[in-house]
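coords_8.txt follows; it contains compact mmCIF, C-alpha atoms.
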# COMPACT_ATOMS: atom_id res chain seq x y z
CA MET A 666 -8.64 -20.63 -10.79
CA THR A 667 -6.33 -19.12 -8.16
CA ARG A 668 -2.66 -19.78 -8.83
CA LEU A 669 0.30 -19.23 -6.53
CA PHE A 670 3.90 -19.11 -7.73
CA TYR A 671 6.96 -20.02 -5.67
CA ASP A 672 10.75 -20.05 -6.11
CA ASN A 673 10.69 -23.06 -8.42
CA ASP A 674 8.28 -21.25 -10.75
CA ALA A 675 10.58 -18.26 -11.29
CA ALA A 676 13.96 -17.89 -13.03
CA LEU A 677 15.99 -14.96 -11.77
CA GLU A 678 18.36 -15.51 -14.69
CA ARG A 679 15.81 -13.88 -17.01
CA LEU A 680 16.85 -10.51 -15.56
CA HIS A 681 20.60 -11.07 -15.61
CA GLY A 682 22.29 -8.50 -17.82
CA ARG A 683 19.11 -6.42 -18.07
CA PRO A 684 19.49 -3.06 -16.30
CA ILE A 685 16.63 -2.25 -13.92
CA ALA A 686 15.56 1.28 -12.98
CA ILE A 687 13.71 1.78 -9.71
CA ILE A 688 11.93 5.12 -9.93
CA GLY A 689 11.52 6.44 -6.41
CA PHE A 690 13.28 5.59 -3.14
CA GLY A 691 10.49 5.74 -0.59
CA SER A 692 8.98 2.90 1.41
CA GLN A 693 8.71 0.45 -1.49
CA GLY A 694 11.47 1.96 -3.64
CA HIS A 695 14.28 1.45 -1.15
CA ALA A 696 13.22 -2.16 -0.52
CA HIS A 697 12.94 -3.05 -4.21
CA ALA A 698 16.27 -1.47 -5.10
CA MET A 699 18.23 -3.03 -2.24
CA ASN A 700 16.66 -6.48 -2.49
CA LEU A 701 17.20 -6.69 -6.26
CA ARG A 702 20.77 -5.44 -5.87
CA ASP A 703 21.45 -8.04 -3.19
CA ALA A 704 19.94 -10.69 -5.48
CA GLY A 705 22.71 -9.91 -7.98
CA LEU A 706 20.78 -7.77 -10.46
CA ASP A 707 21.89 -4.56 -12.17
CA VAL A 708 19.97 -1.79 -10.41
CA ARG A 709 19.96 1.97 -10.63
CA VAL A 710 17.64 4.41 -8.81
CA GLY A 711 15.89 7.24 -10.63
CA LEU A 712 15.19 10.42 -8.65
CA TYR A 713 14.53 14.07 -9.43
CA ASN A 714 17.42 16.48 -8.92
CA GLY A 715 17.38 17.75 -5.35
CA SER A 716 15.53 14.75 -3.94
CA ARG A 717 16.13 14.21 -0.23
CA SER A 718 16.39 10.50 -0.98
CA TRP A 719 19.38 10.94 -3.29
CA ALA A 720 21.98 10.81 -0.51
CA LYS A 721 20.17 7.92 1.22
CA ALA A 722 20.28 5.82 -1.94
CA GLU A 723 23.96 6.57 -2.50
CA GLU A 724 24.73 5.74 1.13
CA ALA A 725 23.07 2.36 0.51
CA GLY A 726 25.63 1.77 -2.23
CA LEU A 727 23.24 2.28 -5.13
CA THR A 728 23.80 4.11 -8.40
CA VAL A 729 21.52 7.17 -8.53
CA LEU A 730 20.57 9.03 -11.71
CA PRO A 731 18.00 11.61 -12.75
CA VAL A 732 14.74 9.86 -13.68
CA SER A 733 15.18 10.40 -17.43
CA ASP A 734 18.72 9.00 -17.39
CA ALA A 735 17.72 6.01 -15.28
CA ALA A 736 14.83 5.20 -17.63
CA GLY A 737 17.00 5.69 -20.70
CA THR A 738 19.68 3.26 -19.53
CA ALA A 739 17.30 0.56 -18.26
CA GLU A 740 15.46 -2.30 -19.93
CA VAL A 741 13.09 -2.78 -16.98
CA ILE A 742 11.53 0.30 -15.37
CA MET A 743 9.60 0.01 -12.10
CA ILE A 744 7.65 3.13 -11.06
CA LEU A 745 7.35 3.39 -7.28
CA THR A 746 6.42 7.05 -6.76
CA PRO A 747 3.04 8.10 -5.27
CA ASP A 748 0.04 7.45 -7.54
CA THR A 749 -0.72 11.13 -7.98
CA MET A 750 2.79 11.88 -9.29
CA GLN A 751 3.14 9.03 -11.72
CA ALA A 752 1.27 10.25 -14.81
CA LYS A 753 3.19 13.53 -15.11
CA LEU A 754 6.49 11.84 -14.30
CA TYR A 755 5.85 9.13 -16.88
CA GLU A 756 4.87 11.56 -19.62
CA GLU A 757 7.81 13.90 -19.10
CA GLU A 758 10.68 11.64 -18.05
CA ILE A 759 9.92 8.01 -18.91
CA ALA A 760 7.71 7.84 -22.01
CA PRO A 761 10.45 9.19 -24.33
CA HIS A 762 12.55 6.14 -23.42
CA MET A 763 9.90 3.43 -23.84
CA GLN A 764 11.34 1.70 -26.90
CA ALA A 765 10.17 -1.66 -28.17
CA GLY A 766 11.26 -4.57 -26.01
CA LYS A 767 11.38 -2.69 -22.72
CA THR A 768 9.30 -3.54 -19.65
CA LEU A 769 7.28 -1.04 -17.62
CA MET A 770 6.34 -2.18 -14.13
CA PHE A 771 4.16 -1.00 -11.27
CA ALA A 772 3.40 -2.03 -7.67
CA HIS A 773 -0.16 -0.70 -7.90
CA GLY A 774 -2.43 -0.63 -10.92
CA PHE A 775 -4.17 2.72 -10.36
CA ASN A 776 -2.66 4.73 -13.22
CA VAL A 777 -2.96 1.95 -15.80
CA ARG A 778 -6.45 0.91 -14.67
CA TYR A 779 -7.76 4.47 -14.98
CA CYS A 780 -5.82 5.26 -18.17
CA GLN A 781 -3.65 7.98 -16.64
CA ILE A 782 -0.67 6.13 -18.11
CA VAL A 783 -1.09 4.49 -21.52
CA PRO A 784 2.12 2.68 -22.50
CA PRO A 785 2.97 2.04 -26.16
CA PRO A 786 1.83 -1.35 -27.49
CA ASN A 787 5.34 -2.67 -28.13
CA VAL A 788 6.43 -2.87 -24.46
CA ASP A 789 5.57 -5.30 -21.67
CA VAL A 790 3.50 -3.86 -18.82
CA SER A 791 3.37 -5.84 -15.58
CA MET A 792 2.93 -5.50 -11.84
CA VAL A 793 4.55 -6.97 -8.75
CA ALA A 794 2.81 -5.73 -5.61
CA PRO A 795 4.25 -6.92 -2.28
CA LYS A 796 1.52 -7.19 0.34
CA SER A 797 3.55 -5.46 2.99
CA PRO A 798 5.07 -2.04 3.74
CA GLY A 799 8.48 -1.55 2.17
CA HIS A 800 10.44 -1.69 5.42
CA ARG A 801 8.98 -5.14 6.04
CA VAL A 802 9.80 -6.26 2.48
CA ARG A 803 13.42 -5.39 3.18
CA GLU A 804 13.53 -6.69 6.75
CA VAL A 805 12.14 -10.13 5.90
CA PHE A 806 14.41 -10.44 2.85
CA VAL A 807 17.50 -9.76 4.97
CA GLN A 808 16.31 -12.44 7.39
CA GLY A 809 16.19 -14.92 4.52
CA GLY A 810 12.44 -14.91 3.96
CA GLY A 811 9.97 -13.01 1.86
CA VAL A 812 6.53 -11.41 1.94
CA PRO A 813 3.62 -12.49 -0.28
CA ALA A 814 2.92 -10.50 -3.43
CA LEU A 815 0.49 -10.11 -6.31
CA VAL A 816 1.61 -10.41 -9.93
CA ALA A 817 -0.27 -9.25 -13.01
CA VAL A 818 0.34 -8.65 -16.71
CA HIS A 819 -1.46 -5.82 -18.49
CA GLN A 820 0.41 -6.07 -21.79
CA ASP A 821 2.53 -8.96 -23.06
CA ALA A 822 4.36 -7.68 -26.13
CA SER A 823 7.31 -10.05 -25.75
CA GLY A 824 5.48 -13.22 -24.78
CA GLY A 825 7.55 -13.40 -21.61
CA ALA A 826 6.01 -10.68 -19.46
CA LEU A 827 4.73 -13.03 -16.76
CA ALA A 828 8.01 -14.94 -16.56
CA ASP A 829 9.93 -11.66 -16.23
CA ALA A 830 7.56 -10.38 -13.55
CA LEU A 831 8.01 -13.60 -11.58
CA ALA A 832 11.78 -13.24 -11.91
CA TYR A 833 11.44 -9.73 -10.48
CA ALA A 834 9.28 -11.07 -7.63
CA LYS A 835 11.93 -13.69 -6.93
CA GLY A 836 14.55 -10.95 -6.73
CA LEU A 837 12.43 -9.26 -4.06
CA GLY A 838 12.15 -12.53 -2.13
CA CYS A 839 8.38 -12.72 -2.64
CA THR A 840 8.36 -16.15 -4.29
CA ARG A 841 9.70 -17.53 -1.01
CA ALA A 842 6.29 -16.74 0.52
CA GLY A 843 4.04 -17.09 -2.54
CA VAL A 844 2.95 -14.84 -5.39
CA LEU A 845 -0.73 -14.75 -6.38
CA GLN A 846 -1.69 -14.03 -9.99
CA THR A 847 -4.30 -11.32 -10.51
CA THR A 848 -5.11 -8.52 -12.98
CA PHE A 849 -4.45 -4.78 -12.88
CA ALA A 850 -8.20 -4.18 -12.53
CA GLU A 851 -8.70 -6.67 -9.69
CA GLU A 852 -5.67 -5.44 -7.74
CA THR A 853 -6.65 -1.79 -8.10
CA GLU A 854 -10.35 -2.19 -7.36
CA THR A 855 -9.95 -4.49 -4.35
CA ASP A 856 -7.14 -2.34 -2.96
CA LEU A 857 -9.14 0.89 -3.15
CA PHE A 858 -12.28 -0.75 -1.80
CA GLY A 859 -10.41 -2.37 1.09
CA GLU A 860 -8.79 0.93 2.05
CA GLN A 861 -12.08 2.80 2.00
CA ALA A 862 -14.54 0.32 3.45
CA VAL A 863 -12.38 -1.52 5.98
CA LEU A 864 -8.70 -0.81 6.50
CA CYS A 865 -8.66 2.98 6.64
CA GLY A 866 -12.08 4.56 6.21
CA GLY A 867 -14.13 1.89 7.95
CA VAL A 868 -11.81 1.28 10.89
CA SER A 869 -11.05 4.98 11.48
CA ALA A 870 -14.72 5.91 11.52
CA LEU A 871 -15.62 2.99 13.78
CA VAL A 872 -12.86 3.83 16.28
CA LYS A 873 -13.85 7.50 16.46
CA ALA A 874 -17.55 6.68 16.75
CA GLY A 875 -16.91 4.27 19.62
CA PHE A 876 -14.68 6.78 21.41
CA ASP A 877 -17.20 9.59 20.96
CA THR A 878 -20.08 7.42 22.22
CA LEU A 879 -18.28 6.60 25.47
CA VAL A 880 -17.05 10.15 26.09
CA GLU A 881 -20.48 11.65 25.40
CA ALA A 882 -21.92 9.21 27.94
CA GLY A 883 -19.56 10.54 30.61
CA TYR A 884 -16.75 8.01 30.60
CA GLN A 885 -13.12 9.11 30.89
CA PRO A 886 -11.53 9.83 27.48
CA GLU A 887 -8.45 7.85 28.52
CA VAL A 888 -10.53 4.75 29.25
CA ALA A 889 -12.43 5.22 25.97
CA TYR A 890 -9.11 5.42 24.12
CA PHE A 891 -7.88 2.15 25.61
CA GLU A 892 -11.11 0.33 24.80
CA CYS A 893 -11.68 1.66 21.28
CA MET A 894 -8.19 2.18 19.86
CA HIS A 895 -5.33 0.80 21.94
CA GLU A 896 -6.72 -2.73 22.19
CA LEU A 897 -7.53 -2.85 18.48
CA LYS A 898 -3.96 -3.96 17.72
CA LEU A 899 -4.33 -6.93 20.06
CA ILE A 900 -7.41 -8.09 18.17
CA VAL A 901 -5.91 -7.46 14.72
CA ASP A 902 -2.82 -9.49 15.68
CA LEU A 903 -5.13 -12.42 16.44
CA PHE A 904 -6.84 -11.99 13.05
CA TYR A 905 -3.42 -11.95 11.40
CA GLN A 906 -2.28 -15.12 13.12
CA GLY A 907 -5.38 -17.28 12.84
CA GLY A 908 -8.38 -15.51 11.38
CA LEU A 909 -11.70 -14.70 13.03
CA ASN A 910 -12.03 -18.10 14.70
CA TYR A 911 -8.64 -17.77 16.40
CA MET A 912 -9.62 -14.32 17.68
CA ARG A 913 -12.82 -15.76 19.12
CA TYR A 914 -10.91 -18.68 20.61
CA SER A 915 -8.49 -16.25 22.30
CA VAL A 916 -10.92 -13.73 23.79
CA SER A 917 -13.38 -14.35 26.63
CA ASP A 918 -16.73 -16.05 26.04
CA THR A 919 -18.37 -12.76 27.01
CA ALA A 920 -16.46 -10.93 24.27
CA GLU A 921 -17.28 -13.67 21.77
CA TYR A 922 -20.98 -13.50 22.61
CA GLY A 923 -20.88 -9.71 22.22
CA ASP A 924 -19.26 -10.24 18.81
CA TYR A 925 -22.16 -12.39 17.62
CA VAL A 926 -25.02 -10.26 18.93
CA ALA A 927 -23.62 -6.74 18.38
CA GLY A 928 -21.70 -7.07 15.11
CA PRO A 929 -24.79 -7.44 12.90
CA ARG A 930 -26.33 -4.38 14.59
CA ILE A 931 -23.29 -2.26 13.65
CA ILE A 932 -22.88 -3.62 10.12
CA THR A 933 -26.47 -3.31 8.93
CA ASP A 934 -28.12 -3.74 5.54
CA GLU A 935 -27.62 -0.01 5.07
CA THR A 936 -23.89 -0.38 5.78
CA ARG A 937 -23.62 -3.19 3.25
CA ALA A 938 -25.49 -1.12 0.68
CA THR A 939 -23.00 1.70 1.23
CA MET A 940 -20.12 -0.75 0.76
CA ARG A 941 -21.62 -1.88 -2.55
CA GLN A 942 -21.91 1.77 -3.59
CA LEU A 943 -18.28 2.41 -2.67
CA LEU A 944 -17.24 -0.57 -4.76
CA GLU A 945 -19.30 0.63 -7.71
CA GLU A 946 -17.64 4.06 -7.51
CA VAL A 947 -14.24 2.37 -7.61
CA ARG A 948 -15.22 0.14 -10.53
CA ASN A 949 -16.87 2.82 -12.66
CA GLY A 950 -13.97 5.23 -12.14
CA SER A 951 -15.88 7.98 -10.35
CA PHE A 952 -13.69 7.73 -7.22
CA ALA A 953 -10.52 7.90 -9.32
CA SER A 954 -11.87 10.86 -11.29
CA ALA A 955 -12.74 12.72 -8.09
CA TRP A 956 -9.30 12.03 -6.57
CA ILE A 957 -7.49 13.09 -9.74
CA ASP A 958 -9.59 16.27 -9.89
CA GLU A 959 -8.94 16.94 -6.20
CA ASN A 960 -5.20 16.85 -6.85
CA ARG A 961 -5.49 19.13 -9.86
CA LYS A 962 -7.26 21.71 -7.65
CA GLY A 963 -4.54 21.58 -5.00
CA ARG A 964 -6.29 19.15 -2.62
CA PRO A 965 -8.63 21.63 -0.83
CA GLN A 966 -11.05 19.01 0.58
CA PHE A 967 -8.26 16.55 1.35
CA ASN A 968 -6.24 19.14 3.27
CA ARG A 969 -9.32 20.40 5.14
CA ARG A 970 -10.29 16.89 6.26
CA ARG A 971 -6.70 16.12 7.23
CA ARG A 972 -6.61 19.22 9.47
CA GLU A 973 -10.00 18.46 11.00
CA ASP A 974 -9.22 14.85 11.86
CA ALA A 975 -5.84 15.78 13.31
CA THR A 976 -7.68 17.77 16.00
CA HIS A 977 -10.15 15.04 17.01
CA PRO A 978 -9.99 14.45 20.80
CA ILE A 979 -8.92 10.84 20.33
CA GLU A 980 -5.68 12.15 18.83
CA SER A 981 -4.74 14.43 21.74
CA VAL A 982 -5.74 11.86 24.35
CA GLY A 983 -3.90 9.09 22.56
CA ARG A 984 -0.78 11.21 22.06
CA GLU A 985 -0.39 11.79 25.79
CA LEU A 986 -1.05 8.16 26.69
CA ARG A 987 1.39 6.85 24.09
CA ARG A 988 4.12 9.15 25.42
CA MET A 989 3.81 7.27 28.72
CA MET A 990 3.87 3.87 27.00
CA THR A 991 7.34 3.79 25.47
CA PHE A 992 6.97 0.06 24.84
CA VAL A 993 4.59 0.80 21.93
CA ASN A 994 7.36 2.77 20.16
CA PRO A 995 5.12 5.85 19.84
CA LYS A 996 5.17 7.96 16.69
CA GLU A 997 4.04 11.55 16.23
CA VAL A 998 3.34 13.65 13.15
CA VAL A 999 2.70 17.36 12.92
CA PRO A 1000 -1.12 17.83 12.91
CA GLY A 1001 -2.33 18.48 9.40
CA ALA A 1002 0.88 17.25 7.79
CA GLY A 1003 1.70 13.91 6.23
CA GLY A 1004 3.25 12.08 3.33
CA ALA A 1005 2.19 12.27 -0.26
Starting from the coordinates I provided, produce the structure as structure tokens.
Amino acid sequence: MTRLFYDNDAALERLHGRPIAIIGFGSQGHAHAMNLRDAGLDVRVGLYNGSRSWAKAEEAGLTVLPVSDAAGTAEVIMILTPDTMQAKLYEEEIAPHMQAGKTLMFAHGFNVRYCQIVPPPNVDVSMVAPKSPGHRVREVFVQGGGVPALVAVHQDASGGALADALAYAKGLGCTRAGVLQTTFAEETETDLFGEQAVLCGGVSALVKAGFDTLVEAGYQPEVAYFECMHELKLIVDLFYQGGLNYMRYSVSDTAEYGDYVAGPRIITDETRATMRQLLEEVRNGSFASAWIDENRKGRPQFNRRRREDATHPIESVGRELRRMMTFVNPKEVVPGAGGA
């Protein structure tokens, strides 16, 4: 049965006097480190020598150490580097310091779920995964609130792994909003499926297909951009606030009717069968294996697709329109480049 935990279910005192190492200082890393520090916990940040984030963490008033030193001096170690970096980093810098009684934590279950990281049996292994980008985790905490999170325990050597994970979630501010208990497998599999079928893969393909259909039919690319991409945020905001029914309540009756009659023609039985196949590839590990292999080869397909999509007409049209709409706080990246 679904269970949610709140402030009264968590005891921050469980982490008092227990040094915490935050490995990484990116989107999530900076938020975790600063929130836990502000909650009165003993935090240090672990980074590789020469990291561009080193100065940023020190400017935030945090103690910064090389990863090995941070892991060696901590009782709780949270790994917040990109998935594809974690296994090597763990093996070389963290594993030698995983003595009995320590806690290893993650914000995403990928490496544990697919056995890229196999912790020793005498340590706790848990997860606290805020359901928000790191900047929002920090912003809401400073405002006195918190974002929801998932919590899971993979290995409970001490008997107190869940209680410690909830204490960590409380330090982030997440128990103010609610923390949902899950498993490493459920978090990983639903996260990967959601990214592929809906949030990233599904939406990106749908937006481009709609844009291409209008442009090929002779409509202005700028109008196609507004209809198929720009207005998407307006609809998603309605989803976020009140679900599908609130969106339908807010749009015109014409739009709502089009929703009912056209949606099932776009998402067909074939589409649903493809979704089930995507989920199976996530569950049986074939997607993870392919992604791990792609990284080992230097990301040839990934980099090719990144370059190709960066040159899609919707990108050039949108870039020019966004430059004229300063109210959207436009962002630009170098085509073909991006974060890890």
I'd like the contact shell of stretch 825-837 of chain A - 9 Å cut-off, all atoms listed in the file, skipping same-chain residues fewer than 3 positions apart - returned as an MDAnalysis selection string.
chainID A and resid 670:672 674:680 696:706 768 770 789:795 802:803 806 811:812 814:822 840:841 844
Selection to disk with C-alpha atoms, as a CSV table (one decimal), in the coordinates of the input:
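Written out: out-v7.csv:
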chain,number,residue,atom,x,y,z
A,670,PHE,CA,3.9,-19.1,-7.7
A,671,TYR,CA,7.0,-20.0,-5.7
A,672,ASP,CA,10.8,-20.0,-6.1
A,674,ASP,CA,8.3,-21.2,-10.8
A,675,ALA,CA,10.6,-18.3,-11.3
A,676,ALA,CA,14.0,-17.9,-13.0
A,677,LEU,CA,16.0,-15.0,-11.8
A,678,GLU,CA,18.4,-15.5,-14.7
A,679,ARG,CA,15.8,-13.9,-17.0
A,680,LEU,CA,16.8,-10.5,-15.6
A,696,ALA,CA,13.2,-2.2,-0.5
A,697,HIS,CA,12.9,-3.0,-4.2
A,698,ALA,CA,16.3,-1.5,-5.1
A,699,MET,CA,18.2,-3.0,-2.2
A,700,ASN,CA,16.7,-6.5,-2.5
A,701,LEU,CA,17.2,-6.7,-6.3
A,702,ARG,CA,20.8,-5.4,-5.9
A,703,ASP,CA,21.4,-8.0,-3.2
A,704,ALA,CA,19.9,-10.7,-5.5
A,705,GLY,CA,22.7,-9.9,-8.0
A,706,LEU,CA,20.8,-7.8,-10.5
A,768,THR,CA,9.3,-3.5,-19.6
A,770,MET,CA,6.3,-2.2,-14.1
A,789,ASP,CA,5.6,-5.3,-21.7
A,790,VAL,CA,3.5,-3.9,-18.8
A,791,SER,CA,3.4,-5.8,-15.6
A,792,MET,CA,2.9,-5.5,-11.8
A,793,VAL,CA,4.6,-7.0,-8.8
A,794,ALA,CA,2.8,-5.7,-5.6
A,795,PRO,CA,4.2,-6.9,-2.3
A,802,VAL,CA,9.8,-6.3,2.5
A,803,ARG,CA,13.4,-5.4,3.2
A,806,PHE,CA,14.4,-10.4,2.8
A,811,GLY,CA,10.0,-13.0,1.9
A,812,VAL,CA,6.5,-11.4,1.9
A,814,ALA,CA,2.9,-10.5,-3.4
A,815,LEU,CA,0.5,-10.1,-6.3
A,816,VAL,CA,1.6,-10.4,-9.9
A,817,ALA,CA,-0.3,-9.2,-13.0
A,818,VAL,CA,0.3,-8.6,-16.7
A,819,HIS,CA,-1.5,-5.8,-18.5
A,820,GLN,CA,0.4,-6.1,-21.8
A,821,ASP,CA,2.5,-9.0,-23.1
A,822,ALA,CA,4.4,-7.7,-26.1
A,840,THR,CA,8.4,-16.2,-4.3
A,841,ARG,CA,9.7,-17.5,-1.0
A,844,VAL,CA,3.0,-14.8,-5.4
Quick one: of A:Lys962, A:Val777, A:Glu887, A:Ser797, who's nearest to A:Thr848, counting only C-alpha atoms?
A:Val777
Around all the atoms of stretch 828-831 of chain A listed in the file, draw an axis-aligned box and extend it by 3 Å on each of the six sides; I want its centre and edge lengths in Å to one decimal, as AutoDock Vina command-line options.
--center_x 8.7 --center_y -12.7 --center_z -14.1 --size_x 8.4 --size_y 10.6 --size_z 11.0
List the neighbours of stretch 942-944 of chain A out to 10 Å using all atoms listed in the file; skip same-chain residues closer than 6 positions along the sequence, and give me the result as a PDB file with C-alpha atoms, keeping the file's coordinate frame.
ATOM      1  CA  GLU A 854     -10.350  -2.190  -7.360  1.00  0.00           C
ATOM      2  CA  THR A 855      -9.950  -4.490  -4.350  1.00  0.00           C
ATOM      3  CA  LEU A 857      -9.140   0.890  -3.150  1.00  0.00           C
ATOM      4  CA  PHE A 858     -12.280  -0.750  -1.800  1.00  0.00           C
ATOM      5  CA  GLY A 859     -10.410  -2.370   1.090  1.00  0.00           C
ATOM      6  CA  GLN A 861     -12.080   2.800   2.000  1.00  0.00           C
ATOM      7  CA  ALA A 862     -14.540   0.320   3.450  1.00  0.00           C
ATOM      8  CA  THR A 936     -23.890  -0.380   5.780  1.00  0.00           C
ATOM      9  CA  GLY A 950     -13.970   5.230 -12.140  1.00  0.00           C
ATOM     10  CA  SER A 951     -15.880   7.980 -10.350  1.00  0.00           C
ATOM     11  CA  PHE A 952     -13.690   7.730  -7.220  1.00  0.00           C
TER      12      PHE A 952
END
Using all atoms listed in the file, give me every residue within 12 Å of (8.8, 15.5, -14.3) in file coordinates, as a ChimeraX atom specification.
/A:688,711-714,731-733,746,750-761
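With distances restricted to all atoms listed in the file, A:Met743 is the closest residue to A:Ile687 from A:Gly715, A:Val729, A:Asp748, A:Met743.
Between atom CA of A:Arg964 and atom CA of A:Val998 the separation is 19.3 Å.
Pairwise distance (atom CA of A:Ala850, atom CA of A:Ile957) equals 17.5 Å.
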For the atom pair atom CA of A:Ala735 and atom CA of A:Met763, what is the interatomic distance in Å to one decimal place?
11.9 Å
Please identify all polymer residues within 10 Å of A:Pro995, counting all atoms listed in the file, omitting same-chain residues fewer than 5 positions from it, and present them as a ChimeraX atom specification.
/A:983-984,986-990
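Closest approach to A:Asn776 among A:Thr933, A:Thr853, A:Asn994, A:Thr728 is made by A:Thr853 (distances from all atoms listed in the file).
Nearest to A:Leu897 of all the residues A:Ser869, A:Asp974, A:Gly824, A:Val805 is A:Ser869, counting all atoms listed in the file.
Distance check against A:Pro978 using all atoms listed in the file: of A:Gln885, A:Ser915, A:Asn787, A:Ser954, the minimum falls on A:Gln885.
Between A:Thr976 and the candidates A:Val999, A:Val947, A:Val993, A:Leu845, the tightest atom-to-atom separation, counting all atoms listed in the file, involves A:Val999.
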